[in-house]
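Participant: Sharing a structure, written as structure tokens. Questions coming.
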Amino acid sequence: MTTEIILVFSILLVTIILFAFEVFSVDKIAMFVIASLALTGLVKPEEAISGFSNTATITVLSLMIIALALEDNGVIASLARFLKNLHVLPLFLLLPVFMFITGGISAFINTTAVVIVFIKIISELAKRFNVPQSKLLLPISFAGILGGSCTLMGTSTNLIVNSVARDLGAERFSFFEFSFFGLIFLLVGIIVVTIASRWLPKDSKENLRDIYDLENYVTTVVINKNSNLIDKKIEDTFLFANPEISILKLTRRKQITNAPGRYITLKANDKLLLMCDLENLAKLNEAEGLSVHKTQERTKKRETLKNEDEAESIKKQDDLGFVELLILPGSILIGKTLKQLRKQTFQSALPIAIKKRRNIRNTKERLVRKDIEQITLKPGDRLLVEIPKNEINQLYEMENVAILREHKTKPSVNNKKRMLSFAILVLVVGLAASGILSILVSAITGVSLLLLTRCLDLNDVYHRVNWQVIFLLAGMIPLGIAMNNTGADKWISDHLLDILSGQSNIVIIGLIFLITMLMSSVVSNNATAIIMTPIAIAVAVGLDLTMKPFILAVLFGANFSFFTPMGYQTNTLIYGMGIYKFKHFFIIGGILSLILWVLGTFMLSTLF
């Protein structure tokens, strides 16, 4: 093993650890990879940044933009209105129908975008028609993943595998090259998940205590000068007596006490970092002598009004309600802290608290070490805001944010633009599927047509594209180049060949499929595809076997991230909603993964 190969493996190992433990966001990790490869000389400078000009990266970006236009112009909303009529079906029919529709759409539109729309639809159906969302959300995430595996443009993973394989000498896949396999996987997945849905949790009853688990929200409370808590020990206050409120930190004159003890006496202007459920958060907000946020600004404003009509108007505005927002990929709120959001109040709403999505780093101990003002929003987090009830509809103007409660629908969109957007999507799919244009050229053509017909505003797109995915692709592609430059992929394949020597083709393809699937459960599916595609091709060449089944094994294996919530973005979003536990992904996703692995191994072995 050469020094260059050791360096590549070292960077790869560090990258996997960073991905698995979510130490940094994926775009930061991608920049770390680019810098590391360039500084160590494993790739040339132009190769280090080649990911930004790679055909797969630009294609993914173009398809993301098209998906945004479809949502803005009401194409997806029209579908949503139709799907809401399906609530009359019994669950054993509703679940497979939803999965099939999700999978079918995901074959042509970005999977994450489709699942986000279905999250909104199912949340509304749960409120209006008592449809059990806990029985539907995880299945539609799985269906989106399976559907995206049916066509070349279904997921960014498919495009990446095709791009890397083509650079290494393999033939380019056509649009529907592997659709037959993908459709079988989708149908089998629907059957398996429908049967296994009995192990999914039941919806909790519609009350605050059941919906919002203990210690969901983290917020800061300041003790005002008129508070009756002043000069009282913590153990003598309702904050200590209430088991549903945890005091994580006390800040006094810039002195911080983590997990303050019961005998500490509270003083005016003390700042407390608390964890509690929504019901107790509402009580804290109404308590005299405590400030959860800048409510006093409205009070001062009212006191300065000179006429009663204005005062009455403000009083109506101050008929406040809580609204919970789910932060989706591409939201302009991502990366912002509560302090930043309060300084630039958005849509008349005042942020109150943040609920972090579940992951292995979000522990009580970590939150103790952080002030609420330092905790940043990430995709899958939930933000609780207070807003005048007559202004709630303004929240619908926010992009890539799902409102997790029932409200009026957004204003109607232009019918002409809706039809144009849908026609452009059909044209893009038709040009790519027929082979008249490559998927890259057809996607760029689609974006250009959307701009020419004013169905799309680029200034708006800049703020809404999920740039983390673009940077992830741009950062990981050079890692694949480095593995090829240094011979690291050949070194791995040579050792695999020693192990696989004398084995049947079905065992060989099954092992490649399994390794890829296991890696994608920890590392992102795109990163897995970039790492495993050169290795799979090297194994195929070393064994003098056709490349196609090996490339497809990586493609499907990288997509099939079912048994953990970390591998695929849609699983992470669903998991972040707090309905499911890790065991639901591990058990149901594990069963599905095992069945698809066996089925895929047998199907792909027929290609030899």
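We name chains A, B, ... following the order of the structure tokens; residues begin at 1 in each chain, and ligands are numbered from 1 as shown.
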Just the residues within 8 Å of Gln468 (chain A), please, counting only C-alpha atoms, with nothing from its chain fewer than 3 positions along; format it as a ChimeraX atom specification.

Facilitator: /A:25-27,471-472

Participant: Just the selected residues (N, CA, C and O atoms), exported as a PDB file, in the first residue's frame, please.

Facilitator:
```pdb
ATOM      1  N   SER A  25     -22.304  20.126   8.858  1.00  0.00           N
ATOM      2  CA  SER A  25     -23.253  19.953   7.768  1.00  0.00           C
ATOM      3  C   SER A  25     -22.528  19.352   6.566  1.00  0.00           C
ATOM      4  O   SER A  25     -21.303  19.461   6.434  1.00  0.00           O
ATOM      5  N   VAL A  26     -23.300  18.740   5.657  1.00  0.00           N
ATOM      6  CA  VAL A  26     -22.687  18.003   4.549  1.00  0.00           C
ATOM      7  C   VAL A  26     -21.903  18.915   3.615  1.00  0.00           C
ATOM      8  O   VAL A  26     -20.905  18.499   3.017  1.00  0.00           O
ATOM      9  N   ASP A  27     -22.356  20.170   3.470  1.00  0.00           N
ATOM     10  CA  ASP A  27     -21.616  21.063   2.574  1.00  0.00           C
ATOM     11  C   ASP A  27     -20.244  21.420   3.152  1.00  0.00           C
ATOM     12  O   ASP A  27     -19.256  21.540   2.414  1.00  0.00           O
ATOM     13  N   PHE A 471     -23.231  21.020  -3.110  1.00  0.00           N
ATOM     14  CA  PHE A 471     -21.863  21.035  -2.588  1.00  0.00           C
ATOM     15  C   PHE A 471     -21.411  19.626  -2.212  1.00  0.00           C
ATOM     16  O   PHE A 471     -20.219  19.296  -2.338  1.00  0.00           O
ATOM     17  N   LEU A 472     -22.345  18.797  -1.728  1.00  0.00           N
ATOM     18  CA  LEU A 472     -21.994  17.409  -1.406  1.00  0.00           C
ATOM     19  C   LEU A 472     -21.502  16.684  -2.659  1.00  0.00           C
ATOM     20  O   LEU A 472     -20.467  16.017  -2.637  1.00  0.00           O
TER      21      LEU A 472
END
```

Participant: I need the helix (DSSP H, G or I) residues of region 64-116 of chain A per DSSP on the backbone, written as a ChimeraX atom specification.

Facilitator: /A:64-72,75-88,91-106,111-116

Participant: Let me see the file: selected residues, N, CA and C atoms, as a CSV table (one decimal), in the first residue's frame.

Facilitator:
```csv
chain,number,residue,atom,x,y,z
A,64,MET,N,-33.8,20.1,-9.7
A,64,MET,CA,-34.3,20.8,-8.5
A,64,MET,C,-35.1,22.1,-8.8
A,65,ILE,N,-34.5,22.8,-9.8
A,65,ILE,CA,-35.2,24.1,-10.2
A,65,ILE,C,-36.5,23.8,-10.8
A,66,ILE,N,-36.6,22.8,-11.6
A,66,ILE,CA,-37.9,22.4,-12.3
A,66,ILE,C,-38.9,22.0,-11.2
A,67,ALA,N,-38.4,21.2,-10.2
A,67,ALA,CA,-39.3,20.8,-9.1
A,67,ALA,C,-39.9,22.0,-8.4
A,68,LEU,N,-39.1,23.0,-8.1
A,68,LEU,CA,-39.5,24.2,-7.5
A,68,LEU,C,-40.6,24.9,-8.3
A,69,ALA,N,-40.4,25.0,-9.6
A,69,ALA,CA,-41.4,25.6,-10.5
A,69,ALA,C,-42.7,24.9,-10.5
A,70,LEU,N,-42.6,23.6,-10.4
A,70,LEU,CA,-43.9,22.8,-10.4
A,70,LEU,C,-44.6,23.0,-9.1
A,71,GLU,N,-43.9,23.2,-8.0
A,71,GLU,CA,-44.6,23.5,-6.8
A,71,GLU,C,-45.2,24.9,-6.8
A,72,ASP,N,-44.4,25.9,-7.2
A,72,ASP,CA,-44.8,27.3,-7.2
A,72,ASP,C,-46.0,27.5,-8.1
A,75,VAL,N,-48.7,22.8,-9.8
A,75,VAL,CA,-48.8,21.5,-10.4
A,75,VAL,C,-49.0,20.4,-9.3
A,76,ILE,N,-48.1,20.5,-8.4
A,76,ILE,CA,-48.1,19.6,-7.3
A,76,ILE,C,-49.3,19.8,-6.4
A,77,ALA,N,-49.7,21.0,-6.2
A,77,ALA,CA,-50.9,21.3,-5.4
A,77,ALA,C,-52.2,20.7,-6.0
A,78,SER,N,-52.3,20.7,-7.4
A,78,SER,CA,-53.4,20.1,-8.0
A,78,SER,C,-53.4,18.6,-7.7
A,79,LEU,N,-52.3,18.0,-7.8
A,79,LEU,CA,-52.2,16.6,-7.4
A,79,LEU,C,-52.6,16.4,-6.0
A,80,ALA,N,-52.2,17.3,-5.1
A,80,ALA,CA,-52.5,17.2,-3.7
A,80,ALA,C,-54.0,17.2,-3.4
A,81,ARG,N,-54.7,18.1,-4.2
A,81,ARG,CA,-56.2,18.2,-4.0
A,81,ARG,C,-56.9,16.9,-4.4
A,82,PHE,N,-56.3,16.2,-5.5
A,82,PHE,CA,-56.9,14.9,-5.9
A,82,PHE,C,-56.6,13.9,-4.8
A,83,LEU,N,-55.4,13.9,-4.2
A,83,LEU,CA,-55.1,12.9,-3.3
A,83,LEU,C,-55.9,13.0,-2.0
A,84,LYS,N,-56.3,14.2,-1.6
A,84,LYS,CA,-57.1,14.4,-0.4
A,84,LYS,C,-58.4,13.7,-0.5
A,85,ASN,N,-58.9,13.4,-1.7
A,85,ASN,CA,-60.2,12.7,-1.9
A,85,ASN,C,-60.0,11.3,-1.6
A,86,LEU,N,-58.8,10.8,-1.5
A,86,LEU,CA,-58.6,9.3,-1.3
A,86,LEU,C,-58.8,9.0,0.2
A,87,HIS,N,-59.1,10.0,1.1
A,87,HIS,CA,-59.2,9.7,2.5
A,87,HIS,C,-60.4,8.7,2.8
A,88,VAL,N,-61.3,8.6,1.8
A,88,VAL,CA,-62.4,7.7,2.1
A,88,VAL,C,-62.0,6.2,2.0
A,91,LEU,N,-57.6,2.0,5.4
A,91,LEU,CA,-56.1,2.1,5.4
A,91,LEU,C,-55.4,1.1,4.6
A,92,PHE,N,-55.9,-0.2,4.6
A,92,PHE,CA,-55.2,-1.2,3.9
A,92,PHE,C,-55.2,-1.0,2.4
A,93,LEU,N,-56.0,-0.1,1.9
A,93,LEU,CA,-56.0,0.3,0.5
A,93,LEU,C,-55.3,1.7,0.3
A,94,LEU,N,-55.6,2.5,1.3
A,94,LEU,CA,-55.0,3.9,1.2
A,94,LEU,C,-53.5,3.9,1.2
A,95,LEU,N,-52.9,3.0,2.1
A,95,LEU,CA,-51.4,2.9,2.2
A,95,LEU,C,-50.7,2.5,0.9
A,96,PRO,N,-51.1,1.4,0.3
A,96,PRO,CA,-50.5,1.0,-1.0
A,96,PRO,C,-50.8,2.0,-2.1
A,97,VAL,N,-52.0,2.6,-2.2
A,97,VAL,CA,-52.3,3.6,-3.2
A,97,VAL,C,-51.3,4.8,-3.0
A,98,PHE,N,-51.2,5.3,-1.8
A,98,PHE,CA,-50.3,6.5,-1.6
A,98,PHE,C,-48.9,6.1,-1.9
A,99,MET,N,-48.4,4.9,-1.6
A,99,MET,CA,-47.1,4.5,-1.9
A,99,MET,C,-46.8,4.4,-3.4
A,100,PHE,N,-47.8,3.9,-4.1
A,100,PHE,CA,-47.7,3.7,-5.6
A,100,PHE,C,-47.6,5.1,-6.2
A,101,ILE,N,-48.5,6.0,-5.8
A,101,ILE,CA,-48.5,7.3,-6.4
A,101,ILE,C,-47.2,8.1,-6.1
A,102,THR,N,-46.7,8.0,-4.8
A,102,THR,CA,-45.5,8.6,-4.4
A,102,THR,C,-44.3,8.1,-5.3
A,103,GLY,N,-44.3,6.8,-5.4
A,103,GLY,CA,-43.2,6.1,-6.1
A,103,GLY,C,-43.2,6.5,-7.6
A,104,GLY,N,-44.5,6.6,-8.2
A,104,GLY,CA,-44.6,6.9,-9.6
A,104,GLY,C,-44.2,8.3,-9.9
A,105,ILE,N,-44.5,9.3,-9.0
A,105,ILE,CA,-44.1,10.7,-9.2
A,105,ILE,C,-42.6,10.8,-9.0
A,106,SER,N,-42.1,10.1,-8.0
A,106,SER,CA,-40.6,10.2,-7.7
A,106,SER,C,-39.7,9.7,-8.8
A,111,THR,N,-37.1,13.2,-5.5
A,111,THR,CA,-37.8,12.4,-4.4
A,111,THR,C,-38.1,13.2,-3.2
A,112,THR,N,-37.1,14.0,-2.8
A,112,THR,CA,-37.3,14.8,-1.5
A,112,THR,C,-38.4,15.8,-1.7
A,113,ALA,N,-38.5,16.4,-2.8
A,113,ALA,CA,-39.6,17.4,-3.1
A,113,ALA,C,-40.9,16.7,-3.0
A,114,VAL,N,-41.1,15.5,-3.6
A,114,VAL,CA,-42.3,14.8,-3.6
A,114,VAL,C,-42.7,14.4,-2.2
A,115,VAL,N,-41.8,13.9,-1.4
A,115,VAL,CA,-42.1,13.4,0.0
A,115,VAL,C,-42.5,14.6,0.8
A,116,ILE,N,-41.8,15.8,0.6
A,116,ILE,CA,-42.2,17.0,1.4
A,116,ILE,C,-43.7,17.3,1.1
```

Participant: Rounded to one decimal in Å, what is the spacing between CA of Lys28 (chain A) and CA of Gly51 (chain A)?

Facilitator: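 Distance between the two atoms: 14.8 Å.
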
Participant: Find the distance between CA of Ile256 (chain A) and CA of Leu377 (chain A) and write it in Å to one decimal.

Facilitator: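 CA of Ile256 (chain A) sits 23.2 Å away from CA of Leu377 (chain A).
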
Participant: Which residue out of A:Leu266, A:Leu555, A:Ile29, A:Leu325 has the minimum interatomic distance to Leu239 (chain A) when only C-alpha atoms are used?

Facilitator: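 Ranked by minimum distance to Leu239 (chain A), first place goes to A:Leu266.
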
Participant: Choose the residue, out of A:Lys249, A:Arg262, A:Arg342, A:Lys356, that has the smallest atom-to-atom separation from Val385 (chain A); count only C-alpha atoms.

Facilitator: A:Arg342

Participant: Do a neighbour search on region 156-168 of chain A at 7 Å with only C-alpha atoms, toss out local chain neighbours closer than 3 positions, and write the hits as an mmCIF file with N, CA, C and O atoms, in the first residue's frame.

Facilitator:
```
data_model
loop_
_atom_site.group_PDB
_atom_site.id
_atom_site.type_symbol
_atom_site.label_atom_id
_atom_site.label_comp_id
_atom_site.auth_asym_id
_atom_site.auth_seq_id
_atom_site.Cartn_x
_atom_site.Cartn_y
_atom_site.Cartn_z
ATOM 1 N N ALA A 56 -23.503 15.423 -13.743
ATOM 2 C CA ALA A 56 -24.483 14.979 -12.749
ATOM 3 C C ALA A 56 -24.870 16.123 -11.814
ATOM 4 O O ALA A 56 -26.056 16.296 -11.480
ATOM 5 N N VAL A 60 -28.637 17.592 -11.576
ATOM 6 C CA VAL A 60 -29.381 17.597 -10.311
ATOM 7 C C VAL A 60 -29.880 19.002 -9.997
ATOM 8 O O VAL A 60 -31.033 19.192 -9.592
ATOM 9 N N LEU A 152 -33.558 7.090 -14.760
ATOM 10 C CA LEU A 152 -32.252 7.734 -14.630
ATOM 11 C C LEU A 152 -32.356 9.079 -13.920
ATOM 12 O O LEU A 152 -31.442 9.466 -13.192
ATOM 13 N N MET A 153 -33.468 9.821 -14.106
ATOM 14 C CA MET A 153 -33.606 11.132 -13.493
ATOM 15 C C MET A 153 -34.324 11.076 -12.148
ATOM 16 O O MET A 153 -34.586 12.105 -11.540
ATOM 17 N N GLU A 171 -20.651 2.019 -20.509
ATOM 18 C CA GLU A 171 -21.636 2.604 -21.408
ATOM 19 C C GLU A 171 -22.644 3.425 -20.610
ATOM 20 O O GLU A 171 -22.989 3.086 -19.478
ATOM 21 N N ARG A 172 -23.145 4.502 -21.220
ATOM 22 C CA ARG A 172 -24.125 5.365 -20.571
ATOM 23 C C ARG A 172 -25.480 4.660 -20.500
ATOM 24 O O ARG A 172 -25.914 4.021 -21.453
ATOM 25 N N PHE A 173 -26.142 4.797 -19.344
ATOM 26 C CA PHE A 173 -27.485 4.225 -19.201
ATOM 27 C C PHE A 173 -28.495 5.077 -19.955
ATOM 28 O O PHE A 173 -28.408 6.316 -19.972
ATOM 29 N N ASN A 525 -26.286 8.569 0.525
ATOM 30 C CA ASN A 525 -26.362 7.672 -0.631
ATOM 31 C C ASN A 525 -25.510 8.171 -1.796
ATOM 32 O O ASN A 525 -24.915 7.381 -2.532
ATOM 33 N N ASN A 526 -25.421 9.489 -1.968
ATOM 34 C CA ASN A 526 -24.588 10.029 -3.045
ATOM 35 C C ASN A 526 -23.108 9.746 -2.810
ATOM 36 O O ASN A 526 -22.373 9.369 -3.730
ATOM 37 N N ALA A 529 -22.369 6.129 -3.468
ATOM 38 C CA ALA A 529 -22.314 5.821 -4.897
ATOM 39 C C ALA A 529 -20.969 6.210 -5.498
ATOM 40 O O ALA A 529 -20.388 5.466 -6.302
ATOM 41 N N ILE A 530 -20.454 7.366 -5.095
ATOM 42 C CA ILE A 530 -19.176 7.842 -5.633
ATOM 43 C C ILE A 530 -18.024 6.941 -5.191
ATOM 44 O O ILE A 530 -17.089 6.677 -5.949
ATOM 45 N N THR A 533 -18.827 2.941 -6.826
ATOM 46 C CA THR A 533 -18.880 2.689 -8.274
ATOM 47 C C THR A 533 -17.519 2.318 -8.864
ATOM 48 O O THR A 533 -17.421 1.319 -9.598
ATOM 49 N N LEU A 555 -25.964 1.159 -7.789
ATOM 50 C CA LEU A 555 -27.053 2.126 -7.936
ATOM 51 C C LEU A 555 -28.211 1.811 -6.991
ATOM 52 O O LEU A 555 -28.661 2.675 -6.229
ATOM 53 N N ASN A 559 -29.202 3.563 -3.157
ATOM 54 C CA ASN A 559 -30.527 4.158 -2.961
ATOM 55 C C ASN A 559 -31.286 3.533 -1.796
ATOM 56 O O ASN A 559 -32.036 4.215 -1.093
#
```

Participant: So how many Å separate CA of Phe108 (chain A) and CA of Ile439 (chain A), to one decimal?

Facilitator: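 Answer for the CA of Phe108 (chain A) to CA of Ile439 (chain A) separation: 11.5 Å.
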
Participant: So that I can check the surroundings of Leu229 (chain A), please list as a list of chain:residue names every protein, DNA and RNA residue that reaches within 12 Å of it, counting only C-alpha atoms and ignoring chain neighbours fewer than 5 positions away.

Facilitator: A:Val222, A:Ile223, A:Asn224, A:Ile234, A:Glu235, A:Asp236, A:Thr237, A:Phe238, A:Leu239, A:Phe240, A:Ile264, A:Thr265, A:Leu266, A:Lys267, A:Ala268, A:Asn269, A:Asp270, A:Ala287, A:Glu288, A:Gly289, A:Leu290

Participant: Given the selection you just returned, output its residues as a file containing N, CA, C and O atoms, formatted as a PDB file, in the first residue's frame.

Facilitator:
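The file below, selection.pdb, is the result:
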```pdb
ATOM      1  N   VAL A 222     -36.441  34.750  30.873  1.00  0.00           N
ATOM      2  CA  VAL A 222     -35.777  35.780  31.680  1.00  0.00           C
ATOM      3  C   VAL A 222     -36.697  36.182  32.823  1.00  0.00           C
ATOM      4  O   VAL A 222     -37.897  36.402  32.628  1.00  0.00           O
ATOM      5  N   ILE A 223     -36.132  36.250  34.047  1.00  0.00           N
ATOM      6  CA  ILE A 223     -36.909  36.641  35.218  1.00  0.00           C
ATOM      7  C   ILE A 223     -36.930  38.165  35.305  1.00  0.00           C
ATOM      8  O   ILE A 223     -35.890  38.805  35.466  1.00  0.00           O
ATOM      9  N   ASN A 224     -38.124  38.736  35.169  1.00  0.00           N
ATOM     10  CA  ASN A 224     -38.273  40.189  35.196  1.00  0.00           C
ATOM     11  C   ASN A 224     -38.174  40.733  36.618  1.00  0.00           C
ATOM     12  O   ASN A 224     -38.271  39.982  37.602  1.00  0.00           O
ATOM     13  N   ILE A 234     -34.758  27.616  43.868  1.00  0.00           N
ATOM     14  CA  ILE A 234     -35.349  26.890  42.730  1.00  0.00           C
ATOM     15  C   ILE A 234     -36.313  25.813  43.203  1.00  0.00           C
ATOM     16  O   ILE A 234     -37.386  25.612  42.616  1.00  0.00           O
ATOM     17  N   GLU A 235     -35.976  25.148  44.322  1.00  0.00           N
ATOM     18  CA  GLU A 235     -36.831  24.065  44.803  1.00  0.00           C
ATOM     19  C   GLU A 235     -38.173  24.558  45.304  1.00  0.00           C
ATOM     20  O   GLU A 235     -39.124  23.771  45.447  1.00  0.00           O
ATOM     21  N   ASP A 236     -38.284  25.884  45.574  1.00  0.00           N
ATOM     22  CA  ASP A 236     -39.542  26.438  46.080  1.00  0.00           C
ATOM     23  C   ASP A 236     -40.396  27.044  44.977  1.00  0.00           C
ATOM     24  O   ASP A 236     -41.426  27.672  45.268  1.00  0.00           O
ATOM     25  N   THR A 237     -39.995  26.873  43.744  1.00  0.00           N
ATOM     26  CA  THR A 237     -40.747  27.453  42.630  1.00  0.00           C
ATOM     27  C   THR A 237     -41.477  26.377  41.834  1.00  0.00           C
ATOM     28  O   THR A 237     -41.169  25.184  41.937  1.00  0.00           O
ATOM     29  N   PHE A 238     -42.435  26.826  41.018  1.00  0.00           N
ATOM     30  CA  PHE A 238     -43.173  25.882  40.179  1.00  0.00           C
ATOM     31  C   PHE A 238     -42.278  25.272  39.104  1.00  0.00           C
ATOM     32  O   PHE A 238     -42.585  24.216  38.556  1.00  0.00           O
ATOM     33  N   LEU A 239     -41.164  25.929  38.812  1.00  0.00           N
ATOM     34  CA  LEU A 239     -40.243  25.389  37.816  1.00  0.00           C
ATOM     35  C   LEU A 239     -39.637  24.069  38.270  1.00  0.00           C
ATOM     36  O   LEU A 239     -39.395  23.163  37.474  1.00  0.00           O
ATOM     37  N   PHE A 240     -39.405  23.955  39.580  1.00  0.00           N
ATOM     38  CA  PHE A 240     -38.838  22.724  40.139  1.00  0.00           C
ATOM     39  C   PHE A 240     -39.934  21.699  40.410  1.00  0.00           C
ATOM     40  O   PHE A 240     -39.746  20.495  40.202  1.00  0.00           O
ATOM     41  N   ILE A 264     -30.180  26.971  44.682  1.00  0.00           N
ATOM     42  CA  ILE A 264     -29.788  28.275  44.132  1.00  0.00           C
ATOM     43  C   ILE A 264     -30.959  29.251  44.218  1.00  0.00           C
ATOM     44  O   ILE A 264     -32.097  28.913  43.890  1.00  0.00           O
ATOM     45  N   THR A 265     -30.678  30.469  44.678  1.00  0.00           N
ATOM     46  CA  THR A 265     -31.710  31.501  44.808  1.00  0.00           C
ATOM     47  C   THR A 265     -31.763  32.317  43.521  1.00  0.00           C
ATOM     48  O   THR A 265     -30.742  32.760  43.004  1.00  0.00           O
ATOM     49  N   LEU A 266     -32.969  32.499  43.004  1.00  0.00           N
ATOM     50  CA  LEU A 266     -33.155  33.217  41.749  1.00  0.00           C
ATOM     51  C   LEU A 266     -33.125  34.727  41.969  1.00  0.00           C
ATOM     52  O   LEU A 266     -33.582  35.226  42.998  1.00  0.00           O
ATOM     53  N   LYS A 267     -32.596  35.455  41.001  1.00  0.00           N
ATOM     54  CA  LYS A 267     -32.489  36.908  41.073  1.00  0.00           C
ATOM     55  C   LYS A 267     -33.103  37.530  39.823  1.00  0.00           C
ATOM     56  O   LYS A 267     -33.309  36.860  38.797  1.00  0.00           O
ATOM     57  N   ALA A 268     -33.380  38.827  39.902  1.00  0.00           N
ATOM     58  CA  ALA A 268     -33.900  39.557  38.747  1.00  0.00           C
ATOM     59  C   ALA A 268     -32.886  39.511  37.603  1.00  0.00           C
ATOM     60  O   ALA A 268     -31.679  39.537  37.827  1.00  0.00           O
ATOM     61  N   ASN A 269     -33.402  39.390  36.386  1.00  0.00           N
ATOM     62  CA  ASN A 269     -32.612  39.342  35.153  1.00  0.00           C
ATOM     63  C   ASN A 269     -31.857  38.027  34.969  1.00  0.00           C
ATOM     64  O   ASN A 269     -31.037  37.917  34.051  1.00  0.00           O
ATOM     65  N   ASP A 270     -32.100  37.041  35.845  1.00  0.00           N
ATOM     66  CA  ASP A 270     -31.541  35.713  35.598  1.00  0.00           C
ATOM     67  C   ASP A 270     -32.127  35.156  34.298  1.00  0.00           C
ATOM     68  O   ASP A 270     -33.315  35.338  34.009  1.00  0.00           O
ATOM     69  N   ALA A 287     -47.239  33.574  32.094  1.00  0.00           N
ATOM     70  CA  ALA A 287     -46.929  33.862  33.493  1.00  0.00           C
ATOM     71  C   ALA A 287     -46.424  35.292  33.663  1.00  0.00           C
ATOM     72  O   ALA A 287     -45.651  35.793  32.848  1.00  0.00           O
ATOM     73  N   GLU A 288     -46.857  35.953  34.733  1.00  0.00           N
ATOM     74  CA  GLU A 288     -46.383  37.306  35.018  1.00  0.00           C
ATOM     75  C   GLU A 288     -44.970  37.247  35.578  1.00  0.00           C
ATOM     76  O   GLU A 288     -44.620  36.365  36.348  1.00  0.00           O
ATOM     77  N   GLY A 289     -44.180  38.224  35.189  1.00  0.00           N
ATOM     78  CA  GLY A 289     -42.824  38.295  35.720  1.00  0.00           C
ATOM     79  C   GLY A 289     -41.819  37.450  34.975  1.00  0.00           C
ATOM     80  O   GLY A 289     -40.662  37.374  35.375  1.00  0.00           O
ATOM     81  N   LEU A 290     -42.258  36.800  33.854  1.00  0.00           N
ATOM     82  CA  LEU A 290     -41.342  36.000  33.037  1.00  0.00           C
ATOM     83  C   LEU A 290     -41.431  36.458  31.588  1.00  0.00           C
ATOM     84  O   LEU A 290     -42.507  36.797  31.100  1.00  0.00           O
TER      85      LEU A 290
END
```

Participant: Would you please work out which residue, of A:Ala527, A:Val292, A:Met532, A:Leu12, is nearest to Leu273 (chain A) when using only C-alpha atoms?

Facilitator: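 Answer, going by the shortest atom-to-atom distance: A:Val292.
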
Participant: Using only C-alpha atoms, which protein or nucleic acid residues come within 7 Å of region 187-198 of chain A? Drop anything in the same chain fewer than 2 positions from it, and give the result as a list of chain:residue names.

Facilitator: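 Selected residues are A:Leu95, A:Pro96, A:Met99, A:Lys135, A:Pro139, A:Leu183, A:Ile184, A:Phe185, A:Leu200, A:Ile588, A:Leu592.
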
Participant: Measuring atom to atom with only C-alpha atoms, identify which of A:Gly600, A:Pro565, A:Gly542, A:Pro201 is nearest to Leu186 (chain A).

Facilitator: A:Gly600

Participant: Quick one: of A:Asn258, A:Met603, A:Thr572, A:Ile6, who's nearest to Phe180 (chain A), counting only C-alpha atoms?

Facilitator: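 Once distances to Phe180 (chain A) are computed over only C-alpha atoms, the minimum belongs to A:Met603.
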
Participant: Hey, what's within 9 Å of Ile515 (chain A) if we count only C-alpha atoms and toss same-chain stuff fewer than 5 positions away? As a list in words, please?

Facilitator: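 Near Ile515 (chain A), the qualifying residues are Gly510, Ser520, Met532, Val554 and Gly557 of chain A.
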